[in-house]
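Enquirer: Here you go, this is structure_23.pdb (PDB, C-alpha atoms, pLDDT in the B column).
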ATOM      1  CA  ASP A   1      -0.128  29.320   0.429  1.00 85.00           C
ATOM      2  CA  LEU A   2       0.679  26.346   2.717  1.00 88.00           C
ATOM      3  CA  MET A   3      -2.995  25.552   3.367  1.00 87.00           C
ATOM      4  CA  SER A   4      -3.966  25.718  -0.313  1.00 90.00           C
ATOM      5  CA  ASN A   5      -1.092  23.354  -1.218  1.00 90.00           C
ATOM      6  CA  LEU A   6      -2.149  20.944   1.561  1.00 88.00           C
ATOM      7  CA  ALA A   7      -5.760  21.059   0.353  1.00 86.00           C
ATOM      8  CA  LEU A   8      -4.687  20.383  -3.243  1.00 87.00           C
ATOM      9  CA  ASP A   9      -2.485  17.465  -2.132  1.00 86.00           C
ATOM     10  CA  ALA A  10      -5.373  15.998  -0.111  1.00 84.00           C
ATOM     11  CA  VAL A  11      -7.776  16.215  -3.067  1.00 84.00           C
ATOM     12  CA  LYS A  12      -5.244  14.530  -5.359  1.00 83.00           C
ATOM     13  CA  ILE A  13      -4.827  11.668  -2.883  1.00 79.00           C
ATOM     14  CA  VAL A  14      -8.549  10.925  -2.401  1.00 78.00           C
ATOM     15  CA  ALA A  15      -9.557  11.416  -6.058  1.00 78.00           C
ATOM     16  CA  VAL A  16     -10.431   8.202  -7.904  1.00 74.00           C
ATOM     17  CA  ASP A  17     -11.356   7.570 -11.533  1.00 72.00           C
ATOM     18  CA  THR A  18     -15.048   6.967 -12.200  1.00 71.00           C
ATOM     19  CA  ASP A  19     -16.464   4.442 -14.648  1.00 72.00           C
ATOM     20  CA  ASP A  20     -16.279   6.955 -17.473  1.00 71.00           C
ATOM     21  CA  SER A  21     -12.584   7.810 -17.217  1.00 69.00           C
ATOM     22  CA  LYS A  22     -13.269  11.464 -18.067  1.00 74.00           C
ATOM     23  CA  ARG A  23     -14.236  12.343 -14.500  1.00 76.00           C
ATOM     24  CA  LYS A  24     -12.715  11.846 -11.085  1.00 78.00           C
ATOM     25  CA  GLU A  25     -14.719  11.294  -7.925  1.00 77.00           C
ATOM     26  CA  VAL A  26     -13.569  13.198  -4.853  1.00 79.00           C
ATOM     27  CA  ASP A  27     -15.312  12.098  -1.662  1.00 76.00           C
ATOM     28  CA  ILE A  28     -13.548  14.190   0.982  1.00 73.00           C
ATOM     29  CA  LYS A  29     -16.317  13.610   3.500  1.00 71.00           C
ATOM     30  CA  ARG A  30     -15.583   9.871   3.666  1.00 72.00           C
ATOM     31  CA  TYR A  31     -11.902   9.670   2.744  1.00 73.00           C
ATOM     32  CA  ALA A  32     -10.262  12.817   4.098  1.00 76.00           C
ATOM     33  CA  ARG A  33      -9.988  13.797   7.713  1.00 75.00           C
ATOM     34  CA  ILE A  34      -8.266  16.531   9.663  1.00 78.00           C
ATOM     35  CA  GLU A  35      -6.526  15.407  12.840  1.00 77.00           C
ATOM     36  CA  LYS A  36      -5.494  18.095  15.269  1.00 79.00           C
ATOM     37  CA  ILE A  37      -2.491  17.205  17.409  1.00 78.00           C
ATOM     38  CA  PRO A  38      -1.940  19.547  20.375  1.00 83.00           C
ATOM     39  CA  GLY A  39       1.305  21.475  20.548  1.00 84.00           C
ATOM     40  CA  GLY A  40       2.084  21.830  16.859  1.00 80.00           C
ATOM     41  CA  GLU A  41       2.455  24.921  14.712  1.00 85.00           C
ATOM     42  CA  LEU A  42       0.598  25.625  11.472  1.00 84.00           C
ATOM     43  CA  VAL A  43       3.801  25.019   9.477  1.00 86.00           C
ATOM     44  CA  ASP A  44       3.962  21.495  10.976  1.00 85.00           C
ATOM     45  CA  SER A  45       0.785  20.539   9.057  1.00 86.00           C
ATOM     46  CA  ARG A  46       1.112  17.565   6.708  1.00 85.00           C
ATOM     47  CA  VAL A  47      -1.018  15.499   4.372  1.00 83.00           C
ATOM     48  CA  LEU A  48      -0.701  11.842   5.270  1.00 81.00           C
ATOM     49  CA  ARG A  49      -0.962   9.489   2.320  1.00 80.00           C
ATOM     50  CA  GLY A  50      -2.712   6.707   4.174  1.00 81.00           C
ATOM     51  CA  VAL A  51      -4.993   6.153   7.135  1.00 85.00           C
ATOM     52  CA  MET A  52      -4.394   7.214  10.709  1.00 84.00           C
ATOM     53  CA  ILE A  53      -6.462   5.721  13.525  1.00 87.00           C
ATOM     54  CA  ASN A  54      -6.126   6.233  17.256  1.00 86.00           C
ATOM     55  CA  LYS A  55      -5.707   2.616  18.404  1.00 91.00           C
ATOM     56  CA  ASP A  56      -2.996   0.484  19.970  1.00 92.00           C
ATOM     57  CA  VAL A  57      -2.096  -3.156  19.425  1.00 94.00           C
ATOM     58  CA  THR A  58      -4.022  -5.577  21.658  1.00 92.00           C
ATOM     59  CA  HIS A  59      -1.006  -7.378  23.135  1.00 92.00           C
ATOM     60  CA  ALA A  60       2.282  -5.877  24.346  1.00 92.00           C
ATOM     61  CA  GLY A  61       4.284  -8.569  22.525  1.00 93.00           C
ATOM     62  CA  MET A  62       2.840  -7.739  19.095  1.00 96.00           C
ATOM     63  CA  ARG A  63       4.850  -5.872  16.483  1.00 96.00           C
ATOM     64  CA  ARG A  64       4.364  -2.113  16.450  1.00 95.00           C
ATOM     65  CA  LYS A  65       6.047  -1.455  13.096  1.00 96.00           C
ATOM     66  CA  ILE A  66       5.642  -3.602   9.979  1.00 96.00           C
ATOM     67  CA  ASP A  67       6.926  -2.775   6.501  1.00 96.00           C
ATOM     68  CA  ASN A  68       4.620  -3.843   3.639  1.00 96.00           C
ATOM     69  CA  PRO A  69       2.184  -5.752   5.875  1.00 97.00           C
ATOM     70  CA  ARG A  70      -0.456  -8.157   4.638  1.00 97.00           C
ATOM     71  CA  VAL A  71      -3.673  -6.764   6.125  1.00 97.00           C
ATOM     72  CA  LEU A  72      -6.803  -8.721   7.088  1.00 98.00           C
ATOM     73  CA  LEU A  73      -9.887  -6.613   7.883  1.00 97.00           C
ATOM     74  CA  LEU A  74     -12.819  -8.078   9.810  1.00 97.00           C
ATOM     75  CA  ASP A  75     -16.158  -6.913  11.154  1.00 96.00           C
ATOM     76  CA  CYS A  76     -16.618  -9.917  13.458  1.00 94.00           C
ATOM     77  CA  PRO A  77     -15.429 -10.578  17.005  1.00 94.00           C
ATOM     78  CA  LEU A  78     -12.435 -12.795  17.694  1.00 94.00           C
ATOM     79  CA  GLU A  79     -13.943 -14.119  20.884  1.00 91.00           C
ATOM     80  CA  TYR A  80     -16.371 -16.814  21.917  1.00 84.00           C
ATOM     81  CA  LYS A  81     -19.952 -15.995  20.964  1.00 76.00           C
ATOM     82  CA  LYS A  82     -22.021 -15.433  24.044  1.00 65.00           C
ATOM     83  CA  GLY A  83     -25.754 -16.218  24.074  1.00 58.00           C
ATOM     84  CA  GLU A  84     -27.945 -13.569  22.445  1.00 58.00           C
ATOM     85  CA  SER A  85     -30.261 -13.106  25.404  1.00 55.00           C
ATOM     86  CA  GLN A  86     -30.229 -14.603  28.855  1.00 60.00           C
ATOM     87  CA  THR A  87     -28.622 -17.995  28.545  1.00 68.00           C
ATOM     88  CA  HIS A  88     -28.823 -20.545  31.311  1.00 71.00           C
ATOM     89  CA  ILE A  89     -26.324 -23.363  31.508  1.00 72.00           C
ATOM     90  CA  GLU A  90     -26.786 -26.028  34.117  1.00 76.00           C
ATOM     91  CA  MET A  91     -23.523 -27.436  35.398  1.00 77.00           C
ATOM     92  CA  LEU A  92     -23.893 -30.295  37.815  1.00 81.00           C
ATOM     93  CA  LYS A  93     -20.298 -31.512  37.998  1.00 82.00           C
ATOM     94  CA  PRO A  94     -16.905 -29.728  37.979  1.00 81.00           C
ATOM     95  CA  ASP A  95     -16.204 -31.481  34.680  1.00 85.00           C
ATOM     96  CA  ASP A  96     -19.129 -29.600  33.099  1.00 81.00           C
ATOM     97  CA  TRP A  97     -17.359 -26.270  33.690  1.00 81.00           C
ATOM     98  CA  ARG A  98     -14.083 -27.686  32.363  1.00 85.00           C
ATOM     99  CA  ARG A  99     -15.851 -28.904  29.216  1.00 85.00           C
ATOM    100  CA  TYR A 100     -17.479 -25.501  28.695  1.00 81.00           C
ATOM    101  CA  LEU A 101     -14.026 -23.855  28.830  1.00 84.00           C
ATOM    102  CA  GLU A 102     -12.649 -26.470  26.414  1.00 87.00           C
ATOM    103  CA  ILE A 103     -15.431 -25.730  23.918  1.00 87.00           C
ATOM    104  CA  GLU A 104     -14.647 -22.017  24.133  1.00 87.00           C
ATOM    105  CA  GLU A 105     -10.920 -22.646  23.615  1.00 91.00           C
ATOM    106  CA  GLU A 106     -11.556 -24.971  20.659  1.00 92.00           C
ATOM    107  CA  TYR A 107     -13.763 -22.342  19.011  1.00 92.00           C
ATOM    108  CA  ILE A 108     -11.130 -19.589  19.405  1.00 94.00           C
ATOM    109  CA  GLN A 109      -8.343 -21.898  18.231  1.00 95.00           C
ATOM    110  CA  LYS A 110     -10.309 -22.873  15.113  1.00 95.00           C
ATOM    111  CA  LEU A 111     -11.068 -19.205  14.392  1.00 95.00           C
ATOM    112  CA  CYS A 112      -7.405 -18.243  14.770  1.00 96.00           C
ATOM    113  CA  LYS A 113      -6.212 -21.184  12.630  1.00 97.00           C
ATOM    114  CA  SER A 114      -8.374 -19.934   9.750  1.00 97.00           C
ATOM    115  CA  ILE A 115      -6.813 -16.466  10.169  1.00 97.00           C
ATOM    116  CA  ILE A 116      -3.258 -17.829  10.434  1.00 97.00           C
ATOM    117  CA  ALA A 117      -3.810 -19.864   7.235  1.00 97.00           C
ATOM    118  CA  LEU A 118      -4.258 -16.583   5.329  1.00 97.00           C
ATOM    119  CA  LYS A 119      -0.785 -15.440   6.524  1.00 97.00           C
ATOM    120  CA  PRO A 120      -1.634 -11.840   7.453  1.00 97.00           C
ATOM    121  CA  ASP A 121       0.839  -9.655   9.338  1.00 97.00           C
ATOM    122  CA  LEU A 122      -1.941  -7.475  10.701  1.00 97.00           C
ATOM    123  CA  VAL A 123      -5.557  -8.222  11.680  1.00 97.00           C
ATOM    124  CA  ILE A 124      -7.930  -5.324  12.277  1.00 97.00           C
ATOM    125  CA  THR A 125     -11.478  -5.889  13.517  1.00 97.00           C
ATOM    126  CA  GLU A 126     -14.457  -3.735  14.400  1.00 96.00           C
ATOM    127  CA  LYS A 127     -15.243  -5.990  17.370  1.00 95.00           C
ATOM    128  CA  GLY A 128     -13.373  -7.429  20.345  1.00 94.00           C
ATOM    129  CA  VAL A 129     -10.400  -9.788  20.512  1.00 95.00           C
ATOM    130  CA  SER A 130     -10.269 -12.239  23.432  1.00 94.00           C
ATOM    131  CA  ASP A 131      -7.115 -12.821  25.469  1.00 94.00           C
ATOM    132  CA  LEU A 132      -6.894 -16.337  24.061  1.00 94.00           C
ATOM    133  CA  ALA A 133      -7.168 -15.088  20.457  1.00 96.00           C
ATOM    134  CA  GLN A 134      -4.468 -12.498  21.213  1.00 96.00           C
ATOM    135  CA  HIS A 135      -2.238 -15.321  22.467  1.00 95.00           C
ATOM    136  CA  PHE A 136      -2.735 -17.482  19.353  1.00 96.00           C
ATOM    137  CA  LEU A 137      -2.225 -14.533  16.980  1.00 97.00           C
ATOM    138  CA  GLN A 138       0.816 -13.220  18.831  1.00 97.00           C
ATOM    139  CA  SER A 139       2.329 -16.731  18.796  1.00 96.00           C
ATOM    140  CA  ALA A 140       1.959 -16.681  14.983  1.00 97.00           C
ATOM    141  CA  ASN A 141       3.633 -13.220  14.847  1.00 97.00           C
ATOM    142  CA  ILE A 142       0.369 -11.549  13.826  1.00 97.00           C
ATOM    143  CA  THR A 143      -0.482  -8.095  15.185  1.00 97.00           C
ATOM    144  CA  ALA A 144      -4.117  -7.342  16.071  1.00 97.00           C
ATOM    145  CA  ILE A 145      -6.100  -4.140  16.534  1.00 97.00           C
ATOM    146  CA  ARG A 146      -9.641  -4.237  17.878  1.00 97.00           C
ATOM    147  CA  ARG A 147     -12.754  -2.071  17.984  1.00 96.00           C
ATOM    148  CA  VAL A 148     -12.030   0.189  15.026  1.00 96.00           C
ATOM    149  CA  ARG A 149     -14.948   2.246  13.751  1.00 94.00           C
ATOM    150  CA  LYS A 150     -16.755   0.991  10.648  1.00 95.00           C
ATOM    151  CA  SER A 151     -15.862   4.204   8.801  1.00 90.00           C
ATOM    152  CA  ASP A 152     -12.170   3.681   9.652  1.00 91.00           C
ATOM    153  CA  ASN A 153     -12.355   0.057   8.498  1.00 94.00           C
ATOM    154  CA  ASN A 154     -13.861   1.209   5.177  1.00 91.00           C
ATOM    155  CA  ARG A 155     -11.029   3.728   4.729  1.00 88.00           C
ATOM    156  CA  LEU A 156      -8.486   1.015   5.583  1.00 93.00           C
ATOM    157  CA  ALA A 157     -10.075  -1.273   2.982  1.00 94.00           C
ATOM    158  CA  ARG A 158      -9.756   1.387   0.316  1.00 87.00           C
ATOM    159  CA  ALA A 159      -6.173   2.248   1.267  1.00 89.00           C
ATOM    160  CA  THR A 160      -4.878  -1.336   1.552  1.00 94.00           C
ATOM    161  CA  GLY A 161      -6.939  -3.081  -1.121  1.00 93.00           C
ATOM    162  CA  ALA A 162      -8.366  -5.479   1.483  1.00 96.00           C
ATOM    163  CA  THR A 163     -11.926  -6.774   1.607  1.00 97.00           C
ATOM    164  CA  ILE A 164     -13.717  -6.569   4.957  1.00 97.00           C
ATOM    165  CA  GLY A 165     -14.654 -10.102   5.965  1.00 96.00           C
ATOM    166  CA  HIS A 166     -17.446 -11.458   8.149  1.00 94.00           C
ATOM    167  CA  GLU A 167     -16.023 -14.927   8.812  1.00 94.00           C
ATOM    168  CA  PRO A 168     -12.307 -15.722   8.498  1.00 95.00           C
ATOM    169  CA  LYS A 169     -13.028 -19.315   7.383  1.00 94.00           C
ATOM    170  CA  ASN A 170     -14.815 -17.959   4.278  1.00 95.00           C
ATOM    171  CA  MET A 171     -11.999 -15.580   3.297  1.00 96.00           C
ATOM    172  CA  SER A 172      -9.297 -16.141   0.701  1.00 96.00           C
ATOM    173  CA  GLU A 173      -5.963 -14.736  -0.441  1.00 95.00           C
ATOM    174  CA  SER A 174      -7.727 -12.127  -2.592  1.00 96.00           C
ATOM    175  CA  ASP A 175      -9.293 -10.587   0.539  1.00 97.00           C
ATOM    176  CA  ILE A 176      -5.879  -9.721   2.015  1.00 97.00           C
ATOM    177  CA  GLY A 177      -4.741  -6.126   1.559  1.00 96.00           C
ATOM    178  CA  THR A 178      -1.219  -5.775   0.176  1.00 96.00           C
ATOM    179  CA  GLN A 179      -1.123  -2.082  -0.723  1.00 94.00           C
ATOM    180  CA  CYS A 180       0.048  -0.850   2.679  1.00 92.00           C
ATOM    181  CA  GLY A 181       3.623   0.399   2.675  1.00 91.00           C
ATOM    182  CA  LEU A 182       4.014   0.816   6.440  1.00 92.00           C
ATOM    183  CA  PHE A 183       2.079   0.039   9.609  1.00 94.00           C
ATOM    184  CA  GLU A 184       3.298   1.884  12.683  1.00 91.00           C
ATOM    185  CA  VAL A 185       1.914   2.506  16.159  1.00 89.00           C
TER     186      VAL A 185
END
Written as structure tokens, that's how I'd like the structure from this file.

Expert:
Amino acid sequence: DLMSNLALDAVKIVAVDTDDSKRKEVDIKRYARIEKIPGGELVDSRVLRGVMINKDVTHAGMRRKIDNPRVLLLDCPLEYKKGESQTHIEMLKPDDWRRYLEIEEEYIQKLCKSIIALKPDLVITEKGVSDLAQHFLQSANITAIRRVRKSDNNRLARATGATIGHEPKNMSESDIGTQCGLFEV
């Protein structure tokens, strides 16, 4: 009886209305998942109305619990773009190396400023987040999670109402997800 009730609850949660409002679409393969947690009993089983991913925040100083967060989803890295193939840089003076580091810092700062302008509480990306980006985001009280799977990002988009972005500078207020009741690590 418990399992059939859990299954029914899960179907009700993932069901969405189709274009002709007479039918509902239930895509349990993409939007429902069973997570087994060692040590529990069968009666401890629950249906979670939301998305659970096995990730931690990128910086120890970032918030681990946020009520009603504004969520920004990305599929781009928050780090300096390295050369595609073998890249050779000739540095003849110590100032050349310093300038290279300045360019990298300016790029990350510009990237983070465009994120901060959107006022998210939580940034989730499929790629990496550099230490410098973590610093800028944490200073703005923004929590970041990196290297989530594309399938998890798609589920997060559906659950939060966010749009997955490719470049933060091209994103707007309408891309921010506001349908998340609670974020907790």

Enquirer: Please measure the separation of atom CA of A:Pro168 and atom CA of A:Tyr31, giving the value in Å to one decimal.

Expert: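 Separating atom CA of A:Pro168 from atom CA of A:Tyr31 is a distance of 26.0 Å.
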
Enquirer: Using all atoms listed in the file, determine which residues lie at most 12 Å from A:Ser130, disregarding the query and same-chain residues fewer than 5 positions distant; provide the list as a list in words.

Expert: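 So, after excluding close chain neighbours, the residues are Thr58, His59, Pro77, Leu78, Glu79, Tyr80, Lys81, Glu104, Glu105, Tyr107, Ile108, Gln109, Leu111, Cys112, Thr125, His135, Phe136, Leu137, Ala144, Ile145, Arg146 and Arg147 of chain A.
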
Enquirer: If we count only C-alpha atoms, what is near A:Arg70 at a cut-off of 8 Å, once residues fewer than 2 positions away on the same chain are taken out, given as an NGL selection string?

Expert: :A and (68 or 72 or 119-122 or 176-178 or 180)

Enquirer: What's the separation between atom CA of A:Asp67 and atom CA of A:Leu182, in Å to one decimal place?

Expert: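 One can read the atom CA of A:Asp67 to atom CA of A:Leu182 distance as 4.6 Å.
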
Enquirer: Quick one: pull the distance between atom CA of A:Lys55 and atom CA of A:Ser139, Å, one decimal.

Expert: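 Rounded to one decimal, the two atoms are 21.0 Å apart.
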
Enquirer: What's the 8 Å shell around A:Ala157, counting only C-alpha atoms, without same-chain residues fewer than 5 positions away, as a list in words?

Expert: Leu73, Ala162, Thr163, Ile164 and Gly177 of chain A

Enquirer: Assuming the chain letters and numbering stay as they are in my file, what does the PyMOL selection byres ((chain A and resi 7-14) around 8) actually select? List them as a ChimeraX atom specification.

Expert: /A:3-6,15-16,26-28,31-32,47,49

Enquirer: What are the centre and edge lengths in Å, to one decimal, of the axis-aligned box around all listed atoms of stretch 108-126 of chain A with 3 Å added on each side, as JSON?

Expert:
{"center_x": -6.8, "center_y": -13.3, "center_z": 12.4, "size_x": 21.3, "size_y": 25.1, "size_z": 20.1}
